[in-house]
Amino acid sequence: AKSLEFIKTNVEGKVGIIQLNRPKALNALCDGLMQEVNAAAQSFDKDDNIAAIILTGSEKAFAAGADIKEMATREFIDVYNQSMFSSWGDITKIKKPVIAAVNGFALGGGCELAMMCDMIIAGDKAKFGQPEIKLGTIPGAGGTQRLIRAIGKSKAMHLVLTGDMIDAHQAERDGLVAKVVPADKLMEEALIVANKIASYSLPITRMAKEAVNSSFEMSLQEGLKYEGRLFYATFATADQKEGMDAFVNKRAPTFKHH
Ligand code: CO8
């Protein structure tokens, strides 16, 4: 386990865990925190012993948004010239699956960061929202784009224009969250999911993630073609032979990750 200024990292088996750890500000996402998150995720992505990544916060907050105190006095020309928050999207470039395990508040940039992960598992006390409108600004890290793809226009508009929060169960019904579990079982459940993913072939898992994510960027026809290419590519791997041979011979597969 490693403790940095704003995060803690830990490895459990083949799962890399990144925990946001800025309790005094409810894990508000200051520049330094995001740099640490990106560096930790990139280092897990490169590590051959890691097969999946969990990003989590505390019981009270996953993250209560971008750091309002840090942003408050910035001028247009500063944020424009620096492309403020443009490095946030780096987490979406991670090739291994990234699970957001959310307890407490996931607001503004916190909700956006959770949406950049591959799936969200939530504790039953979690709350999601895009309250930027209350601060005289709008979501700036995907809240108007990823949210609509997750829950549709009417529900996304409702959150973005009212700034209201939804609870974990509503978020699950709306399709933002994959699974809701009791708050104190959150990490246990996230690790079960991560370990299950980690038990499969790493390159095949990467292809599956890549294929699903391509649907955000492509038309249906292009996406189906892309999926087909990756599907055919799985037949070039030893792990496809192993997985199917194991099924046919009624035994458990041993994936070799190539
Ligand atoms: N930034 C900075 N500090 C924060 C933030 C934040 N987002 N959220 C909470 N804090 C601080 C509080 O100021 C407080 O500090 P202090 O003790 O020094 O006063 C401490 O954390 C504890 O917070 P509260 O006392 O407010 O705790 P409560 O339990 O009473 O309330 C809430 C919890 C409801 C979560 C409340 O803190 C809140 O409303 N926070 C702000 C939520 C918000 O508006 N988030 C959106 C921020 S804007 C944003 O995220 C834009 C993203 C744009 C990304 C652009 C990328 C290109």
# chains A, B, ... in the order shown; residues from 1 in each chain; ligands from 1

call {"tool": "residues_near_ligand", "arguments": {"ligand": "ligand 1", "cutoff": "6 Å", "atoms": "only C-alpha atoms and all ligand atoms", "output": "list in words"}}
result
Lys24, Ala25, Leu26, Ala28, Ala64, Gly65, Ala66, Asp67, Ile68, Lys69, Met84, Phe85, Ser86, Phe105, Leu107, Gly108, Gly109, Pro131, Glu132, Pro139, Gly140 and Ala141 of chain A

call {"tool": "write_last_selection", "arguments": {"atoms": "N, CA and C atoms", "output": "PDB file, in the first residue's frame"}}
result
ATOM      1  N   LYS A  24     -10.767  16.199   3.947  1.00  0.00           N
ATOM      2  CA  LYS A  24     -11.185  17.530   4.402  1.00  0.00           C
ATOM      3  C   LYS A  24     -12.030  18.249   3.362  1.00  0.00           C
ATOM      4  N   ALA A  25     -11.857  17.905   2.087  1.00  0.00           N
ATOM      5  CA  ALA A  25     -12.617  18.580   1.023  1.00  0.00           C
ATOM      6  C   ALA A  25     -13.534  17.599   0.304  1.00  0.00           C
ATOM      7  N   LEU A  26     -13.951  16.535   0.999  1.00  0.00           N
ATOM      8  CA  LEU A  26     -14.827  15.522   0.385  1.00  0.00           C
ATOM      9  C   LEU A  26     -14.283  15.050  -0.966  1.00  0.00           C
ATOM     10  N   ALA A  28     -12.673  16.626  -3.188  1.00  0.00           N
ATOM     11  CA  ALA A  28     -12.746  17.582  -4.311  1.00  0.00           C
ATOM     12  C   ALA A  28     -11.495  17.395  -5.166  1.00  0.00           C
ATOM     13  N   ALA A  64     -16.782  15.182  -4.362  1.00  0.00           N
ATOM     14  CA  ALA A  64     -17.831  16.212  -4.394  1.00  0.00           C
ATOM     15  C   ALA A  64     -17.609  17.213  -5.516  1.00  0.00           C
ATOM     16  N   GLY A  65     -16.823  16.830  -6.522  1.00  0.00           N
ATOM     17  CA  GLY A  65     -16.699  17.704  -7.692  1.00  0.00           C
ATOM     18  C   GLY A  65     -15.305  18.253  -7.874  1.00  0.00           C
ATOM     19  N   ALA A  66     -15.159  19.071  -8.908  1.00  0.00           N
ATOM     20  CA  ALA A  66     -13.916  19.807  -9.078  1.00  0.00           C
ATOM     21  C   ALA A  66     -13.761  20.704  -7.854  1.00  0.00           C
ATOM     22  N   ASP A  67     -12.544  21.151  -7.600  1.00  0.00           N
ATOM     23  CA  ASP A  67     -12.287  21.960  -6.413  1.00  0.00           C
ATOM     24  C   ASP A  67     -12.779  23.390  -6.652  1.00  0.00           C
ATOM     25  N   ILE A  68     -13.901  23.722  -5.998  1.00  0.00           N
ATOM     26  CA  ILE A  68     -14.545  25.029  -6.245  1.00  0.00           C
ATOM     27  C   ILE A  68     -13.648  26.165  -5.764  1.00  0.00           C
ATOM     28  N   LYS A  69     -12.945  25.915  -4.629  1.00  0.00           N
ATOM     29  CA  LYS A  69     -12.082  26.984  -4.091  1.00  0.00           C
ATOM     30  C   LYS A  69     -10.921  27.271  -5.043  1.00  0.00           C
ATOM     31  N   MET A  84      -8.157  23.933 -19.009  1.00  0.00           N
ATOM     32  CA  MET A  84      -8.394  23.411 -17.662  1.00  0.00           C
ATOM     33  C   MET A  84      -9.109  22.058 -17.708  1.00  0.00           C
ATOM     34  N   PHE A  85      -8.611  21.128 -16.943  1.00  0.00           N
ATOM     35  CA  PHE A  85      -9.193  19.792 -16.781  1.00  0.00           C
ATOM     36  C   PHE A  85      -9.066  18.901 -18.018  1.00  0.00           C
ATOM     37  N   SER A  86      -8.294  19.338 -19.044  1.00  0.00           N
ATOM     38  CA  SER A  86      -8.257  18.503 -20.252  1.00  0.00           C
ATOM     39  C   SER A  86      -7.581  17.157 -19.985  1.00  0.00           C
ATOM     40  N   PHE A 105     -21.152  11.004  -1.931  1.00  0.00           N
ATOM     41  CA  PHE A 105     -21.420  11.950  -3.018  1.00  0.00           C
ATOM     42  C   PHE A 105     -20.549  11.708  -4.252  1.00  0.00           C
ATOM     43  N   LEU A 107     -20.572  14.076  -7.232  1.00  0.00           N
ATOM     44  CA  LEU A 107     -21.217  15.294  -7.743  1.00  0.00           C
ATOM     45  C   LEU A 107     -20.304  16.013  -8.726  1.00  0.00           C
ATOM     46  N   GLY A 108     -20.913  16.663  -9.707  1.00  0.00           N
ATOM     47  CA  GLY A 108     -20.141  17.455 -10.653  1.00  0.00           C
ATOM     48  C   GLY A 108     -19.026  16.627 -11.265  1.00  0.00           C
ATOM     49  N   GLY A 109     -17.797  17.134 -11.138  1.00  0.00           N
ATOM     50  CA  GLY A 109     -16.650  16.402 -11.664  1.00  0.00           C
ATOM     51  C   GLY A 109     -16.519  15.008 -11.067  1.00  0.00           C
ATOM     52  N   PRO A 131     -24.401  19.416 -10.088  1.00  0.00           N
ATOM     53  CA  PRO A 131     -24.915  20.657  -9.500  1.00  0.00           C
ATOM     54  C   PRO A 131     -24.254  21.937 -10.017  1.00  0.00           C
ATOM     55  N   GLU A 132     -23.489  21.854 -11.105  1.00  0.00           N
ATOM     56  CA  GLU A 132     -22.743  23.026 -11.574  1.00  0.00           C
ATOM     57  C   GLU A 132     -23.627  24.247 -11.804  1.00  0.00           C
ATOM     58  N   PRO A 139     -21.516  21.545 -16.438  1.00  0.00           N
ATOM     59  CA  PRO A 139     -20.571  20.417 -16.400  1.00  0.00           C
ATOM     60  C   PRO A 139     -19.514  20.592 -17.497  1.00  0.00           C
ATOM     61  N   GLY A 140     -18.266  20.250 -17.165  1.00  0.00           N
ATOM     62  CA  GLY A 140     -17.193  20.494 -18.127  1.00  0.00           C
ATOM     63  C   GLY A 140     -16.316  19.289 -18.390  1.00  0.00           C
ATOM     64  N   ALA A 141     -16.667  18.140 -17.827  1.00  0.00           N
ATOM     65  CA  ALA A 141     -15.833  16.955 -18.043  1.00  0.00           C
ATOM     66  C   ALA A 141     -16.701  15.763 -18.448  1.00  0.00           C
TER      67      ALA A 141
END

call {"tool": "residues_around", "arguments": {"residues": "Glu188 (chain A)", "least_positions_apart": "5", "cutoff": "12 Å", "atoms": "only C-alpha atoms", "output": "list in words"}}
result
Glu12, Ile54, Ala101, Ile121, Ala122, Gly123, Val181, Pro182, Ala183, Val193, Ala194 and Asn195 of chain A

call {"tool": "write_last_selection", "arguments": {"atoms": "all heavy atoms", "output": "compact mmCIF listing (two decimals), in the first residue's frame"}}
result
# COMPACT_ATOMS: atom_id res chain seq x y z
N GLU A 12 -4.57 -5.79 -4.47
CA GLU A 12 -5.14 -7.01 -3.88
C GLU A 12 -5.18 -8.06 -4.97
O GLU A 12 -6.02 -7.98 -5.86
CB GLU A 12 -6.56 -6.76 -3.35
CG GLU A 12 -6.58 -5.80 -2.19
CD GLU A 12 -7.52 -6.24 -1.07
OE1 GLU A 12 -7.96 -7.41 -1.07
OE2 GLU A 12 -7.80 -5.41 -0.21
N ILE A 54 -9.69 -0.61 -9.63
CA ILE A 54 -10.86 -0.05 -8.94
C ILE A 54 -10.51 1.37 -8.51
O ILE A 54 -9.46 1.60 -7.93
CB ILE A 54 -11.26 -0.89 -7.70
CG1 ILE A 54 -11.70 -2.29 -8.13
CG2 ILE A 54 -12.37 -0.19 -6.91
CD1 ILE A 54 -11.98 -3.23 -6.94
N ALA A 101 -16.07 2.47 -7.81
CA ALA A 101 -16.82 1.98 -6.64
C ALA A 101 -17.21 3.22 -5.83
O ALA A 101 -16.36 3.86 -5.22
CB ALA A 101 -15.96 1.02 -5.82
N ILE A 121 -20.21 0.77 -9.72
CA ILE A 121 -20.89 -0.01 -8.69
C ILE A 121 -21.08 0.95 -7.51
O ILE A 121 -20.16 1.69 -7.16
CB ILE A 121 -20.06 -1.24 -8.27
CG1 ILE A 121 -19.88 -2.17 -9.49
CG2 ILE A 121 -20.72 -1.99 -7.12
CD1 ILE A 121 -19.02 -3.38 -9.23
N ALA A 122 -22.30 0.98 -6.96
CA ALA A 122 -22.58 2.00 -5.95
C ALA A 122 -23.04 1.38 -4.65
O ALA A 122 -23.75 0.37 -4.64
CB ALA A 122 -23.66 2.96 -6.47
N GLY A 123 -22.64 2.01 -3.56
CA GLY A 123 -23.22 1.70 -2.25
C GLY A 123 -24.61 2.32 -2.19
O GLY A 123 -24.88 3.32 -2.86
N VAL A 181 -25.17 -2.08 -3.95
CA VAL A 181 -24.96 -3.02 -2.84
C VAL A 181 -24.97 -2.23 -1.53
O VAL A 181 -24.81 -1.01 -1.55
CB VAL A 181 -23.60 -3.76 -3.00
CG1 VAL A 181 -23.60 -4.63 -4.24
CG2 VAL A 181 -22.43 -2.80 -3.02
N PRO A 182 -25.18 -2.92 -0.38
CA PRO A 182 -25.11 -2.18 0.89
C PRO A 182 -23.79 -1.43 1.00
O PRO A 182 -22.73 -1.95 0.58
CB PRO A 182 -25.20 -3.29 1.94
CG PRO A 182 -25.90 -4.42 1.25
CD PRO A 182 -25.47 -4.34 -0.19
N ALA A 183 -23.85 -0.20 1.52
CA ALA A 183 -22.67 0.67 1.52
C ALA A 183 -21.43 -0.01 2.11
O ALA A 183 -20.33 0.13 1.57
CB ALA A 183 -22.98 1.96 2.29
N VAL A 193 -16.27 -8.40 -8.53
CA VAL A 193 -16.41 -8.12 -9.97
C VAL A 193 -15.03 -8.01 -10.63
O VAL A 193 -14.77 -8.61 -11.68
CB VAL A 193 -17.23 -6.83 -10.20
CG1 VAL A 193 -17.26 -6.47 -11.68
CG2 VAL A 193 -18.64 -7.00 -9.66
N ALA A 194 -14.12 -7.27 -9.98
CA ALA A 194 -12.78 -7.07 -10.56
C ALA A 194 -12.04 -8.40 -10.67
O ALA A 194 -11.37 -8.67 -11.68
CB ALA A 194 -11.98 -6.08 -9.70
N ASN A 195 -12.15 -9.24 -9.64
CA ASN A 195 -11.45 -10.53 -9.67
C ASN A 195 -12.03 -11.45 -10.73
O ASN A 195 -11.31 -12.23 -11.34
CB ASN A 195 -11.49 -11.21 -8.30
CG ASN A 195 -10.41 -10.65 -7.38
OD1 ASN A 195 -9.25 -10.54 -7.77
ND2 ASN A 195 -10.79 -10.27 -6.17

call {"tool": "closest_residue", "arguments": {"among": "A:Ile192, A:Ser83, A:Leu20, A:Ala61", "to": "Gly32 (chain A)", "atoms": "only C-alpha atoms"}}
result
A:Leu20

call {"tool": "residues_around", "arguments": {"residues": "region 213-218 of chain A", "least_positions_apart": "5", "cutoff": "12 Å", "atoms": "only C-alpha atoms", "output": "compact mmCIF listing (two decimals) with N, CA, C and O atoms, in the first residue's frame"}}
result
# COMPACT_ATOMS: atom_id res chain seq x y z
N THR A 92 -9.81 7.64 -19.36
CA THR A 92 -10.53 6.87 -20.38
C THR A 92 -9.56 6.18 -21.35
O THR A 92 -9.99 5.36 -22.15
N LYS A 93 -8.28 6.55 -21.28
CA LYS A 93 -7.30 5.92 -22.18
C LYS A 93 -6.68 4.67 -21.57
O LYS A 93 -5.88 3.98 -22.22
N ILE A 94 -7.03 4.37 -20.32
CA ILE A 94 -6.52 3.16 -19.67
C ILE A 94 -7.11 1.95 -20.39
O ILE A 94 -8.29 1.91 -20.68
N LYS A 95 -6.26 0.95 -20.68
CA LYS A 95 -6.73 -0.19 -21.47
C LYS A 95 -7.37 -1.29 -20.64
O LYS A 95 -8.23 -2.02 -21.11
N PRO A 97 -9.79 -2.79 -17.60
CA PRO A 97 -11.07 -2.35 -17.06
C PRO A 97 -10.90 -1.51 -15.80
O PRO A 97 -10.09 -1.85 -14.93
N MET A 116 -16.37 8.27 -16.45
CA MET A 116 -15.22 7.96 -17.32
C MET A 116 -14.74 6.53 -17.11
O MET A 116 -14.01 5.98 -17.94
N CYS A 117 -15.12 5.92 -15.98
CA CYS A 117 -14.74 4.54 -15.71
C CYS A 117 -15.64 3.61 -16.55
O CYS A 117 -16.61 4.04 -17.15
N ASP A 118 -15.30 2.32 -16.57
CA ASP A 118 -16.03 1.40 -17.45
C ASP A 118 -17.38 1.00 -16.88
O ASP A 118 -18.29 0.65 -17.63
N MET A 119 -17.50 1.00 -15.57
CA MET A 119 -18.81 0.74 -14.96
C MET A 119 -18.78 1.33 -13.57
O MET A 119 -17.71 1.57 -13.00
N GLN A 145 -22.40 15.12 -21.90
CA GLN A 145 -22.20 14.21 -23.03
C GLN A 145 -22.31 12.74 -22.60
O GLN A 145 -23.08 11.98 -23.16
N ARG A 146 -21.50 12.34 -21.62
CA ARG A 146 -21.58 10.94 -21.17
C ARG A 146 -22.88 10.66 -20.44
O ARG A 146 -23.43 9.57 -20.55
N ILE A 148 -25.91 11.88 -20.94
CA ILE A 148 -27.04 11.66 -21.84
C ILE A 148 -26.96 10.27 -22.48
O ILE A 148 -27.97 9.61 -22.67
N ARG A 149 -25.73 9.80 -22.74
CA ARG A 149 -25.59 8.46 -23.31
C ARG A 149 -25.94 7.39 -22.27
O ARG A 149 -26.34 6.29 -22.61
N ALA A 150 -25.75 7.72 -20.99
CA ALA A 150 -26.04 6.74 -19.94
C ALA A 150 -27.53 6.69 -19.61
O ALA A 150 -28.09 5.62 -19.42
N ARG A 206 -9.38 -6.75 -22.88
CA ARG A 206 -9.07 -5.45 -23.51
C ARG A 206 -9.87 -5.27 -24.79
O ARG A 206 -10.37 -4.18 -25.07
N MET A 207 -9.96 -6.34 -25.59
CA MET A 207 -10.71 -6.22 -26.85
C MET A 207 -12.18 -5.96 -26.57
O MET A 207 -12.82 -5.17 -27.26
N ALA A 208 -12.73 -6.65 -25.57
CA ALA A 208 -14.15 -6.45 -25.22
C ALA A 208 -14.39 -4.99 -24.81
O ALA A 208 -15.35 -4.35 -25.25
N GLY A 223 -19.46 0.55 -36.16
CA GLY A 223 -19.25 -0.13 -34.88
C GLY A 223 -19.34 -1.64 -35.03
O GLY A 223 -18.54 -2.39 -34.45
N LEU A 224 -20.33 -2.08 -35.81
CA LEU A 224 -20.48 -3.53 -36.03
C LEU A 224 -19.27 -4.10 -36.77
O LEU A 224 -18.80 -5.21 -36.49
N LYS A 225 -18.76 -3.30 -37.69
CA LYS A 225 -17.59 -3.73 -38.45
C LYS A 225 -16.36 -3.84 -37.52
O LYS A 225 -15.60 -4.80 -37.57
N TYR A 226 -16.23 -2.82 -36.66
CA TYR A 226 -15.11 -2.79 -35.72
C TYR A 226 -15.21 -3.98 -34.76
O TYR A 226 -14.21 -4.67 -34.51
N GLU A 227 -16.42 -4.21 -34.26
CA GLU A 227 -16.65 -5.36 -33.38
C GLU A 227 -16.27 -6.66 -34.10
O GLU A 227 -15.59 -7.54 -33.55
N GLY A 228 -16.68 -6.77 -35.36
CA GLY A 228 -16.37 -7.97 -36.14
C GLY A 228 -14.88 -8.20 -36.26
O GLY A 228 -14.39 -9.32 -36.08
N LEU A 230 -12.52 -7.21 -34.24
CA LEU A 230 -11.96 -7.65 -32.96
C LEU A 230 -12.40 -9.08 -32.64
O LEU A 230 -11.62 -9.88 -32.12

call {"tool": "closest_residue", "arguments": {"among": "A:Ile151, A:Ala72, A:Gly16, A:Leu220", "to": "Lys46 (chain A)", "atoms": "only C-alpha atoms"}}
result
A:Gly16

call {"tool": "closest_residue", "arguments": {"among": "A:Gln35, A:Thr162, A:Asn27, A:Asn49", "to": "Val11 (chain A)", "atoms": "only C-alpha atoms"}}
result
A:Asn49

call {"tool": "decode", "arguments": {"residues": "region 205-216 of chain A", "atoms": "all heavy atoms", "output": "PDB file, in the first residue's frame"}}
result
ATOM      1  N   THR A 205     -10.154  -9.429 -22.711  1.00  0.00           N
ATOM      2  CA  THR A 205     -10.864  -8.411 -21.933  1.00  0.00           C
ATOM      3  C   THR A 205     -10.631  -7.017 -22.512  1.00  0.00           C
ATOM      4  O   THR A 205     -11.552  -6.212 -22.635  1.00  0.00           O
ATOM      5  CB  THR A 205     -10.385  -8.462 -20.465  1.00  0.00           C
ATOM      6  OG1 THR A 205     -10.707  -9.745 -19.940  1.00  0.00           O
ATOM      7  CG2 THR A 205     -11.036  -7.390 -19.621  1.00  0.00           C
ATOM      8  N   ARG A 206      -9.379  -6.754 -22.880  1.00  0.00           N
ATOM      9  CA  ARG A 206      -9.067  -5.454 -23.513  1.00  0.00           C
ATOM     10  C   ARG A 206      -9.866  -5.268 -24.790  1.00  0.00           C
ATOM     11  O   ARG A 206     -10.371  -4.178 -25.068  1.00  0.00           O
ATOM     12  CB  ARG A 206      -7.577  -5.365 -23.827  1.00  0.00           C
ATOM     13  CG  ARG A 206      -6.748  -4.913 -22.649  1.00  0.00           C
ATOM     14  CD  ARG A 206      -5.285  -4.798 -23.012  1.00  0.00           C
ATOM     15  NE  ARG A 206      -5.061  -3.927 -24.166  1.00  0.00           N
ATOM     16  CZ  ARG A 206      -3.858  -3.629 -24.646  1.00  0.00           C
ATOM     17  NH1 ARG A 206      -2.779  -4.132 -24.075  1.00  0.00           N
ATOM     18  NH2 ARG A 206      -3.741  -2.835 -25.678  1.00  0.00           N
ATOM     19  N   MET A 207      -9.956  -6.337 -25.591  1.00  0.00           N
ATOM     20  CA  MET A 207     -10.709  -6.222 -26.850  1.00  0.00           C
ATOM     21  C   MET A 207     -12.179  -5.959 -26.570  1.00  0.00           C
ATOM     22  O   MET A 207     -12.819  -5.167 -27.264  1.00  0.00           O
ATOM     23  CB  MET A 207     -10.556  -7.497 -27.686  1.00  0.00           C
ATOM     24  CG  MET A 207      -9.193  -7.626 -28.343  1.00  0.00           C
ATOM     25  SD  MET A 207      -9.212  -9.024 -29.495  1.00  0.00           S
ATOM     26  CE  MET A 207      -7.509  -9.546 -29.402  1.00  0.00           C
ATOM     27  N   ALA A 208     -12.727  -6.646 -25.566  1.00  0.00           N
ATOM     28  CA  ALA A 208     -14.146  -6.446 -25.223  1.00  0.00           C
ATOM     29  C   ALA A 208     -14.394  -4.994 -24.810  1.00  0.00           C
ATOM     30  O   ALA A 208     -15.350  -4.353 -25.255  1.00  0.00           O
ATOM     31  CB  ALA A 208     -14.554  -7.404 -24.105  1.00  0.00           C
ATOM     32  N   LYS A 209     -13.495  -4.475 -23.977  1.00  0.00           N
ATOM     33  CA  LYS A 209     -13.630  -3.078 -23.532  1.00  0.00           C
ATOM     34  C   LYS A 209     -13.532  -2.126 -24.717  1.00  0.00           C
ATOM     35  O   LYS A 209     -14.327  -1.193 -24.853  1.00  0.00           O
ATOM     36  CB  LYS A 209     -12.555  -2.771 -22.478  1.00  0.00           C
ATOM     37  CG  LYS A 209     -12.392  -1.278 -22.172  1.00  0.00           C
ATOM     38  CD  LYS A 209     -11.513  -0.990 -20.965  1.00  0.00           C
ATOM     39  CE  LYS A 209     -11.230   0.522 -20.893  1.00  0.00           C
ATOM     40  NZ  LYS A 209     -10.717   0.965 -19.598  1.00  0.00           N
ATOM     41  N   GLU A 210     -12.571  -2.382 -25.571  1.00  0.00           N
ATOM     42  CA  GLU A 210     -12.351  -1.523 -26.736  1.00  0.00           C
ATOM     43  C   GLU A 210     -13.575  -1.549 -27.655  1.00  0.00           C
ATOM     44  O   GLU A 210     -13.986  -0.505 -28.186  1.00  0.00           O
ATOM     45  CB  GLU A 210     -11.112  -2.046 -27.485  1.00  0.00           C
ATOM     46  CG  GLU A 210     -10.397  -1.026 -28.310  1.00  0.00           C
ATOM     47  CD  GLU A 210      -9.259  -1.663 -29.113  1.00  0.00           C
ATOM     48  OE1 GLU A 210      -8.665  -2.669 -28.668  1.00  0.00           O
ATOM     49  OE2 GLU A 210      -8.983  -1.139 -30.208  1.00  0.00           O
ATOM     50  N   ALA A 211     -14.148  -2.732 -27.835  1.00  0.00           N
ATOM     51  CA  ALA A 211     -15.307  -2.847 -28.729  1.00  0.00           C
ATOM     52  C   ALA A 211     -16.512  -2.098 -28.162  1.00  0.00           C
ATOM     53  O   ALA A 211     -17.191  -1.356 -28.880  1.00  0.00           O
ATOM     54  CB  ALA A 211     -15.658  -4.321 -28.943  1.00  0.00           C
ATOM     55  N   VAL A 212     -16.767  -2.270 -26.851  1.00  0.00           N
ATOM     56  CA  VAL A 212     -17.905  -1.571 -26.247  1.00  0.00           C
ATOM     57  C   VAL A 212     -17.693  -0.062 -26.334  1.00  0.00           C
ATOM     58  O   VAL A 212     -18.578   0.689 -26.739  1.00  0.00           O
ATOM     59  CB  VAL A 212     -18.110  -2.015 -24.777  1.00  0.00           C
ATOM     60  CG1 VAL A 212     -19.181  -1.158 -24.105  1.00  0.00           C
ATOM     61  CG2 VAL A 212     -18.505  -3.491 -24.709  1.00  0.00           C
ATOM     62  N   ASN A 213     -16.493   0.402 -25.991  1.00  0.00           N
ATOM     63  CA  ASN A 213     -16.237   1.846 -26.023  1.00  0.00           C
ATOM     64  C   ASN A 213     -16.322   2.430 -27.429  1.00  0.00           C
ATOM     65  O   ASN A 213     -16.655   3.601 -27.587  1.00  0.00           O
ATOM     66  CB  ASN A 213     -14.863   2.160 -25.406  1.00  0.00           C
ATOM     67  CG  ASN A 213     -14.950   2.224 -23.895  1.00  0.00           C
ATOM     68  OD1 ASN A 213     -16.014   2.471 -23.340  1.00  0.00           O
ATOM     69  ND2 ASN A 213     -13.828   1.999 -23.231  1.00  0.00           N
ATOM     70  N   SER A 214     -16.038   1.618 -28.438  1.00  0.00           N
ATOM     71  CA  SER A 214     -16.077   2.156 -29.800  1.00  0.00           C
ATOM     72  C   SER A 214     -17.488   2.583 -30.174  1.00  0.00           C
ATOM     73  O   SER A 214     -17.683   3.433 -31.035  1.00  0.00           O
ATOM     74  CB  SER A 214     -15.546   1.127 -30.801  1.00  0.00           C
ATOM     75  OG  SER A 214     -16.505   0.100 -30.994  1.00  0.00           O
ATOM     76  N   SER A 215     -18.500   2.020 -29.489  1.00  0.00           N
ATOM     77  CA  SER A 215     -19.885   2.373 -29.838  1.00  0.00           C
ATOM     78  C   SER A 215     -20.188   3.837 -29.539  1.00  0.00           C
ATOM     79  O   SER A 215     -21.118   4.409 -30.095  1.00  0.00           O
ATOM     80  CB  SER A 215     -20.877   1.474 -29.098  1.00  0.00           C
ATOM     81  OG  SER A 215     -20.937   1.847 -27.741  1.00  0.00           O
ATOM     82  N   PHE A 216     -19.412   4.457 -28.639  1.00  0.00           N
ATOM     83  CA  PHE A 216     -19.614   5.883 -28.365  1.00  0.00           C
ATOM     84  C   PHE A 216     -19.134   6.758 -29.516  1.00  0.00           C
ATOM     85  O   PHE A 216     -19.519   7.913 -29.638  1.00  0.00           O
ATOM     86  CB  PHE A 216     -18.860   6.311 -27.102  1.00  0.00           C
ATOM     87  CG  PHE A 216     -19.507   5.850 -25.835  1.00  0.00           C
ATOM     88  CD1 PHE A 216     -18.835   5.025 -24.965  1.00  0.00           C
ATOM     89  CD2 PHE A 216     -20.805   6.244 -25.520  1.00  0.00           C
ATOM     90  CE1 PHE A 216     -19.437   4.596 -23.791  1.00  0.00           C
ATOM     91  CE2 PHE A 216     -21.408   5.821 -24.355  1.00  0.00           C
ATOM     92  CZ  PHE A 216     -20.727   4.999 -23.492  1.00  0.00           C
TER      93      PHE A 216
END
